[in-house]
>>> print(open('entry_4.tsv').read())   # TSV, C-alpha atoms
chain	number	residue	atom	x	y	z
E	20	MET	CA	-14.63	7.04	-13.98
E	21	SER	CA	-12.48	10.09	-14.10
E	22	SER	CA	-11.70	12.26	-17.09
E	23	ALA	CA	-9.13	14.92	-17.90
E	24	SER	CA	-11.68	17.65	-17.14
E	25	ASP	CA	-12.57	16.37	-13.66
E	26	SER	CA	-12.28	19.03	-10.99
E	27	PRO	CA	-10.35	17.81	-7.94
E	28	VAL	CA	-11.78	18.17	-4.45
E	29	ARG	CA	-9.05	19.30	-2.08
E	30	ARG	CA	-8.70	16.91	0.85
E	31	SER	CA	-6.89	17.28	4.12
E	32	THR	CA	-6.01	13.78	5.24
E	33	SER	CA	-3.50	12.05	7.45
E	34	ARG	CA	-3.95	8.99	5.27
E	35	PRO	CA	-1.65	9.14	2.24
E	36	ALA	CA	-3.15	8.73	-1.19
E	37	VAL	CA	-1.78	5.71	-3.04
E	38	ILE	CA	-1.27	5.75	-6.80
E	39	PHE	CA	-0.77	2.39	-8.48
E	40	ASP	CA	0.79	1.65	-11.79
E	41	LEU	CA	-1.38	-0.90	-13.61
E	42	ASP	CA	0.58	-3.17	-15.94
E	43	GLY	CA	3.01	-5.43	-14.13
E	44	THR	CA	2.01	-3.92	-10.78
E	45	LEU	CA	-1.67	-4.61	-10.25
E	46	VAL	CA	-2.18	-7.04	-13.13
E	47	ASP	CA	0.07	-9.50	-14.95
E	48	SER	CA	-0.60	-7.92	-18.31
E	49	GLU	CA	2.91	-7.88	-19.77
E	50	PRO	CA	2.48	-11.26	-21.55
E	51	ASN	CA	-0.66	-9.88	-23.21
E	52	TYR	CA	1.07	-6.66	-24.19
E	53	TYR	CA	3.91	-8.67	-25.62
E	54	GLU	CA	1.55	-10.83	-27.67
E	55	ALA	CA	-0.42	-7.83	-28.90
E	56	GLY	CA	2.78	-6.08	-29.95
E	57	ARG	CA	4.14	-9.21	-31.62
E	58	ARG	CA	0.97	-9.54	-33.71
E	59	VAL	CA	0.99	-5.89	-34.78
E	60	LEU	CA	4.66	-5.95	-35.74
E	61	ALA	CA	4.22	-9.19	-37.69
E	62	ALA	CA	1.30	-7.64	-39.59
E	63	HIS	CA	3.64	-4.79	-40.61
E	64	GLY	CA	6.40	-7.05	-41.84
E	65	VAL	CA	8.47	-7.31	-38.66
E	66	PRO	CA	8.59	-10.98	-37.59
E	67	GLY	CA	10.57	-12.45	-34.71
E	68	PHE	CA	9.69	-9.96	-31.97
E	69	ARG	CA	10.77	-11.76	-28.79
E	70	TRP	CA	9.89	-11.50	-25.12
E	71	ALA	CA	13.41	-10.20	-24.48
E	72	ASP	CA	12.70	-7.38	-26.96
E	73	HIS	CA	9.47	-6.55	-25.14
E	74	THR	CA	11.08	-6.38	-21.71
E	75	ARG	CA	13.20	-3.40	-22.80
E	76	PHE	CA	10.00	-1.36	-22.94
E	77	ILE	CA	8.40	-2.40	-19.64
E	78	GLY	CA	7.34	0.78	-17.85
E	79	ILE	CA	7.33	2.89	-21.02
E	80	SER	CA	4.02	4.17	-22.43
E	81	THR	CA	2.44	2.30	-25.33
E	82	ARG	CA	2.74	5.34	-27.58
E	83	GLU	CA	6.43	5.83	-26.87
E	84	THR	CA	7.09	2.10	-27.27
E	85	LEU	CA	5.40	1.98	-30.67
E	86	SER	CA	7.10	5.20	-31.78
E	87	ALA	CA	10.49	3.67	-30.98
E	88	LEU	CA	9.67	0.37	-32.70
E	89	ARG	CA	8.24	2.16	-35.74
E	90	GLU	CA	11.45	4.15	-36.16
E	91	ARG	CA	13.71	1.17	-35.49
E	92	HIS	CA	12.01	-1.07	-38.05
E	93	GLY	CA	11.07	1.57	-40.62
E	94	ILE	CA	7.34	0.90	-40.38
E	95	ALA	CA	5.39	3.17	-42.75
E	96	ALA	CA	2.09	3.17	-40.84
E	97	PRO	CA	1.54	6.18	-38.57
E	98	VAL	CA	1.77	5.76	-34.81
E	99	GLU	CA	-1.97	6.40	-34.38
E	100	ARG	CA	-2.77	3.41	-36.57
E	101	LEU	CA	-0.31	1.19	-34.70
E	102	LEU	CA	-1.83	2.31	-31.40
E	103	ALA	CA	-5.33	1.45	-32.58
E	104	GLU	CA	-4.20	-1.96	-33.83
E	105	LYS	CA	-2.32	-2.81	-30.65
E	106	ASP	CA	-5.24	-1.69	-28.48
E	107	ARG	CA	-7.57	-3.90	-30.52
E	108	GLU	CA	-5.30	-6.93	-30.10
E	109	TYR	CA	-4.76	-6.20	-26.41
E	110	LEU	CA	-8.44	-5.72	-25.64
E	111	ALA	CA	-9.19	-9.08	-27.23
E	112	LEU	CA	-6.84	-10.63	-24.65
E	113	ALA	CA	-8.13	-8.58	-21.67
E	114	PRO	CA	-10.58	-11.24	-20.38
E	115	ARG	CA	-7.56	-13.47	-19.61
E	116	MET	CA	-6.01	-10.84	-17.34
E	117	ALA	CA	-4.88	-11.99	-13.89
E	118	VAL	CA	-4.65	-9.68	-10.88
E	119	PHE	CA	-1.68	-10.22	-8.59
E	120	PRO	CA	-3.47	-11.55	-5.47
E	121	ARG	CA	-1.29	-9.75	-2.94
E	122	MET	CA	-1.70	-6.47	-4.79
E	123	ARG	CA	-5.48	-6.87	-4.75
E	124	GLU	CA	-5.24	-7.53	-1.01
E	125	PHE	CA	-3.12	-4.39	-0.58
E	126	ALA	CA	-5.55	-2.25	-2.57
E	127	GLU	CA	-8.53	-3.62	-0.64
E	128	LEU	CA	-6.79	-2.91	2.67
E	129	LEU	CA	-6.04	0.66	1.60
E	130	ARG	CA	-9.61	1.18	0.43
E	131	ARG	CA	-11.01	-0.21	3.69
E	132	GLU	CA	-8.83	2.17	5.68
E	133	GLY	CA	-10.02	5.17	3.69
E	134	HIS	CA	-6.97	5.98	1.56
E	135	PRO	CA	-7.66	7.82	-1.72
E	136	LEU	CA	-6.65	5.52	-4.58
E	137	ALA	CA	-5.83	6.04	-8.25
E	138	VAL	CA	-4.26	4.24	-11.18
E	139	ALA	CA	-1.66	6.05	-13.31
E	140	SER	CA	-0.63	4.05	-16.37
E	141	GLY	CA	1.14	4.23	-19.68
E	142	SER	CA	-1.69	2.30	-21.32
E	143	SER	CA	-4.52	3.92	-23.26
E	144	ARG	CA	-7.70	4.92	-21.42
E	145	ALA	CA	-9.59	2.22	-23.34
E	146	ALA	CA	-7.13	-0.44	-22.18
E	147	ILE	CA	-7.14	0.78	-18.58
E	148	GLY	CA	-10.92	0.82	-18.47
E	149	ALA	CA	-11.22	-2.66	-19.96
E	150	VAL	CA	-8.69	-4.19	-17.57
E	151	LEU	CA	-10.21	-2.57	-14.48
E	152	SER	CA	-13.67	-3.71	-15.54
E	153	HIS	CA	-12.68	-7.29	-16.42
E	154	THR	CA	-10.79	-7.75	-13.16
E	155	GLY	CA	-13.27	-6.00	-10.86
E	156	LEU	CA	-10.63	-3.48	-9.84
E	157	ASP	CA	-12.86	-0.66	-11.03
E	158	ARG	CA	-14.69	-0.72	-7.67
E	159	LEU	CA	-11.39	0.04	-5.92
E	160	PHE	CA	-10.07	2.66	-8.34
E	161	PRO	CA	-12.60	5.36	-9.24
E	162	VAL	CA	-9.81	7.62	-10.49
E	163	TRP	CA	-7.37	6.72	-13.24
E	164	VAL	CA	-5.05	8.56	-15.59
E	165	SER	CA	-3.51	7.46	-18.87
E	166	ALA	CA	-0.21	8.73	-20.23
E	167	GLU	CA	-2.11	9.76	-23.36
E	168	GLU	CA	-3.76	12.48	-21.24
E	169	VAL	CA	-0.52	14.20	-20.26
E	170	VAL	CA	2.39	15.73	-22.12
E	171	ALA	CA	4.77	12.81	-21.64
E	172	GLY	CA	4.77	9.40	-20.02
E	173	LYS	CA	7.08	7.91	-17.41
E	174	PRO	CA	9.87	8.57	-16.45
E	175	ARG	CA	8.39	12.08	-16.64
E	176	PRO	CA	6.24	12.73	-13.54
E	177	GLU	CA	3.15	14.24	-15.19
E	178	VAL	CA	0.90	11.16	-15.00
E	179	PHE	CA	1.44	10.89	-11.22
E	180	LEU	CA	1.01	14.62	-10.68
E	181	GLU	CA	-2.24	14.55	-12.63
E	182	ALA	CA	-3.48	11.63	-10.55
E	183	ALA	CA	-2.71	13.60	-7.39
E	184	ARG	CA	-4.55	16.62	-8.80
E	185	ARG	CA	-7.64	14.53	-9.48
E	186	LEU	CA	-7.49	13.02	-6.01
E	187	GLY	CA	-7.23	16.51	-4.56
E	188	VAL	CA	-3.97	15.94	-2.70
E	189	GLY	CA	-0.44	17.26	-2.89
E	190	ALA	CA	2.49	15.25	-4.20
E	191	SER	CA	3.98	14.95	-0.72
E	192	GLU	CA	0.78	13.22	0.42
E	193	CYS	CA	1.13	10.43	-2.18
E	194	VAL	CA	2.73	7.01	-2.28
E	195	VAL	CA	3.35	5.38	-5.66
E	196	VAL	CA	3.37	1.61	-6.23
E	197	GLU	CA	5.49	0.66	-9.25
E	198	ASP	CA	7.09	-2.32	-10.95
E	199	ALA	CA	9.45	-0.68	-13.45
E	200	PRO	CA	12.44	1.67	-13.29
E	201	PRO	CA	10.82	4.44	-15.39
E	202	GLY	CA	7.89	4.50	-12.96
E	203	ALA	CA	10.13	4.67	-9.91
E	204	GLU	CA	12.02	7.53	-11.53
E	205	ALA	CA	8.73	9.31	-12.33
E	206	ALA	CA	7.70	8.99	-8.68
E	207	ARG	CA	11.00	10.51	-7.57
E	208	ARG	CA	10.60	13.42	-9.97
E	209	ALA	CA	7.03	13.95	-8.75
E	210	GLY	CA	8.27	14.19	-5.15
E	211	MET	CA	6.30	11.11	-4.09
E	212	ARG	CA	7.37	8.18	-1.95
E	213	CYS	CA	7.58	4.88	-3.79
E	214	VAL	CA	7.00	1.20	-3.14
E	215	ALA	CA	8.90	-0.65	-5.88
E	216	VAL	CA	7.99	-4.26	-6.67
E	217	PRO	CA	10.03	-5.15	-9.77
E	218	TYR	CA	8.12	-7.12	-12.37
E	219	LEU	CA	11.46	-8.60	-13.34
E	220	PRO	CA	13.35	-9.23	-10.08
E	221	VAL	CA	16.59	-9.28	-12.06
E	222	ALA	CA	16.02	-5.53	-12.57
E	223	ALA	CA	15.98	-4.79	-8.83
E	224	GLY	CA	19.50	-3.40	-9.03
E	225	ASP	CA	18.53	-0.75	-11.60
E	226	PRO	CA	19.69	2.66	-10.31
E	227	ALA	CA	16.18	4.08	-10.71
E	228	PHE	CA	14.96	1.78	-7.95
E	229	ALA	CA	17.51	3.25	-5.52
E	230	SER	CA	15.15	6.17	-4.87
E	231	ALA	CA	12.31	3.87	-3.76
E	232	GLY	CA	11.63	4.08	-0.04
E	233	LEU	CA	10.55	0.44	-0.02
E	234	LEU	CA	12.09	-1.94	-2.56
E	235	VAL	CA	10.75	-5.49	-2.67
E	236	ALA	CA	13.68	-6.96	-4.59
E	237	GLY	CA	12.07	-10.38	-4.92
E	238	GLY	CA	9.10	-9.01	-6.85
E	239	GLN	CA	5.48	-10.06	-6.50
E	240	SER	CA	6.27	-13.38	-4.80
E	241	ALA	CA	8.01	-11.51	-1.97
E	242	PHE	CA	5.45	-8.71	-1.60
E	243	ASP	CA	3.78	-8.49	1.82
E	244	PRO	CA	0.65	-6.27	1.74
E	245	ARG	CA	0.65	-5.60	5.49
E	246	HIS	CA	4.33	-4.70	5.59
E	247	ALA	CA	3.81	-2.35	2.62
E	248	TYR	CA	0.81	-0.80	4.39
E	249	ALA	CA	2.77	-0.21	7.58
E	250	TRP	CA	5.53	1.46	5.57
E	251	ALA	CA	3.09	3.60	3.55
E	252	VAL	CA	1.34	5.01	6.62
E	253	GLY	CA	4.48	5.25	8.75
>>> encode(input="entry_4.tsv", output="structure tokens")
Amino acid sequence: MSSASDSPVRRSTSRPAVIFDLDGTLVDSEPNYYEAGRRVLAAHGVPGFRWADHTRFIGISTRETLSALRERHGIAAPVERLLAEKDREYLALAPRMAVFPRMREFAELLRREGHPLAVASGSSRAAIGAVLSHTGLDRLFPVWVSAEEVVAGKPRPEVFLEAARRLGVGASECVVVEDAPPGAEAARRAGMRCVAVPYLPVAAGDPAFASAGLLVAGGQSAFDPRHAYAWAVG
């Protein structure tokens, strides 16, 4: 597993590195994040948090999401406490996590063909590690970066740039796989090509997705691993 102090090894490769978002891209974790957030908010006197409320924060880091909700609802507890509570609730749900089958196939194809791979996520390192371990994705992704390790999360580009640094490649040598508008915007700002597979297909028309080189407007059900691979290496 990678850490913030890892020294990158500079590679020269004709095979692009591929950096995956985790939640909503590789794994269908949004229902678990919603439930974890609902429980934490209810414990702090904020009942009635709905799925529609959660979807407004898809693609935003956990810290930034909780900071916004704390301010909106006047929650007295500090953000660090809310983060710890939400992580605890989320980790309890991690064994139920499902990997999107076509995304696993895509990652396995990339790994087989020798592409450097990383995960860059807005989740905490503890949550990323637990999900990768529970799903077996850890064997495919030896490098991963959390938004808590950089100055700011998506749509800022730092988490993708840090993933590229750890992989030892330049931004122009990277392809990002994302499900949310903030992630697609972060890829654009990082100077990386992007495969966008909206978690919510209704969001496919979001202007942030316009910068994606490959937009799978139908979402996961329409994603074709081999077509995505041909585009990524083309």
>>> residues_near_point(input="entry_4.tsv", point="(-2.9, 4.3, -20.1)", cutoff="10 Å", atoms="only C-alpha atoms", output="MDAnalysis selection string")
chainID E and resid 40:42 80:82 138:148 163:168 172 178
>>> residues_near_point(input="entry_4.tsv", point="(0.6, -10.0, -19.4)", cutoff="12 Å", atoms="only C-alpha atoms", output="ChimeraX atom specification")
/E:41-56,70,73-74,77,109-110,112-119,150,218
>>> residues_around(input="entry_4.tsv", residues="Pro174 in chain E", least_positions_apart="5", cutoff="7 Å", atoms="all atoms listed in the file", output="list in words")
Pro201, Gly202, Glu204 and Ala205 of chain E
>>> atom_distance(input="entry_4.tsv", atom1="CA of Ala249 in chain E", atom2="CA of Val194 in chain E")
12.2 Å
>>> atom_distance(input="entry_4.tsv", atom1="CA of Phe228 in chain E", atom2="CA of Glu197 in chain E")
9.6 Å
>>> closest_residue(input="entry_4.tsv", among="E:Ala126, E:Ala231, E:Leu85, E:Ile94", to="His63 in chain E", atoms="all atoms listed in the file")
E:Ile94
>>> build_atoms(input="entry_4.tsv", residues="range 147-158 of chain E", atoms="N, CA, C and O atoms", output="PDB file, in the coordinates of the input")
ATOM      1  N   ILE E 147      -7.013   0.702 -20.032  1.00  0.00           N
ATOM      2  CA  ILE E 147      -7.140   0.780 -18.580  1.00  0.00           C
ATOM      3  C   ILE E 147      -8.560   0.437 -18.153  1.00  0.00           C
ATOM      4  O   ILE E 147      -8.792  -0.375 -17.256  1.00  0.00           O
ATOM      5  N   GLY E 148      -9.523   1.059 -18.816  1.00  0.00           N
ATOM      6  CA  GLY E 148     -10.920   0.820 -18.470  1.00  0.00           C
ATOM      7  C   GLY E 148     -11.320  -0.631 -18.625  1.00  0.00           C
ATOM      8  O   GLY E 148     -12.018  -1.198 -17.778  1.00  0.00           O
ATOM      9  N   ALA E 149     -10.875  -1.264 -19.714  1.00  0.00           N
ATOM     10  CA  ALA E 149     -11.220  -2.660 -19.960  1.00  0.00           C
ATOM     11  C   ALA E 149     -10.616  -3.573 -18.899  1.00  0.00           C
ATOM     12  O   ALA E 149     -11.287  -4.479 -18.393  1.00  0.00           O
ATOM     13  N   VAL E 150      -9.362  -3.333 -18.562  1.00  0.00           N
ATOM     14  CA  VAL E 150      -8.690  -4.190 -17.570  1.00  0.00           C
ATOM     15  C   VAL E 150      -9.334  -4.025 -16.195  1.00  0.00           C
ATOM     16  O   VAL E 150      -9.620  -5.011 -15.504  1.00  0.00           O
ATOM     17  N   LEU E 151      -9.584  -2.783 -15.784  1.00  0.00           N
ATOM     18  CA  LEU E 151     -10.210  -2.570 -14.480  1.00  0.00           C
ATOM     19  C   LEU E 151     -11.588  -3.214 -14.416  1.00  0.00           C
ATOM     20  O   LEU E 151     -11.968  -3.810 -13.405  1.00  0.00           O
ATOM     21  N   SER E 152     -12.331  -3.121 -15.513  1.00  0.00           N
ATOM     22  CA  SER E 152     -13.670  -3.710 -15.540  1.00  0.00           C
ATOM     23  C   SER E 152     -13.616  -5.231 -15.511  1.00  0.00           C
ATOM     24  O   SER E 152     -14.326  -5.877 -14.723  1.00  0.00           O
ATOM     25  N   HIS E 153     -12.770  -5.828 -16.333  1.00  0.00           N
ATOM     26  CA  HIS E 153     -12.680  -7.290 -16.420  1.00  0.00           C
ATOM     27  C   HIS E 153     -12.209  -7.912 -15.106  1.00  0.00           C
ATOM     28  O   HIS E 153     -12.587  -9.032 -14.771  1.00  0.00           O
ATOM     29  N   THR E 154     -11.371  -7.195 -14.382  1.00  0.00           N
ATOM     30  CA  THR E 154     -10.790  -7.750 -13.160  1.00  0.00           C
ATOM     31  C   THR E 154     -11.565  -7.365 -11.893  1.00  0.00           C
ATOM     32  O   THR E 154     -11.261  -7.861 -10.808  1.00  0.00           O
ATOM     33  N   GLY E 155     -12.539  -6.470 -12.024  1.00  0.00           N
ATOM     34  CA  GLY E 155     -13.270  -6.000 -10.860  1.00  0.00           C
ATOM     35  C   GLY E 155     -12.530  -4.948 -10.051  1.00  0.00           C
ATOM     36  O   GLY E 155     -12.998  -4.527  -8.991  1.00  0.00           O
ATOM     37  N   LEU E 156     -11.391  -4.501 -10.551  1.00  0.00           N
ATOM     38  CA  LEU E 156     -10.630  -3.480  -9.840  1.00  0.00           C
ATOM     39  C   LEU E 156     -11.268  -2.101  -9.949  1.00  0.00           C
ATOM     40  O   LEU E 156     -10.885  -1.176  -9.219  1.00  0.00           O
ATOM     41  N   ASP E 157     -12.228  -1.960 -10.848  1.00  0.00           N
ATOM     42  CA  ASP E 157     -12.860  -0.660 -11.030  1.00  0.00           C
ATOM     43  C   ASP E 157     -13.566  -0.187  -9.762  1.00  0.00           C
ATOM     44  O   ASP E 157     -13.690   1.010  -9.511  1.00  0.00           O
ATOM     45  N   ARG E 158     -14.010  -1.121  -8.915  1.00  0.00           N
ATOM     46  CA  ARG E 158     -14.690  -0.720  -7.670  1.00  0.00           C
ATOM     47  C   ARG E 158     -13.701  -0.143  -6.663  1.00  0.00           C
ATOM     48  O   ARG E 158     -14.098   0.576  -5.733  1.00  0.00           O
TER      49      ARG E 158
END
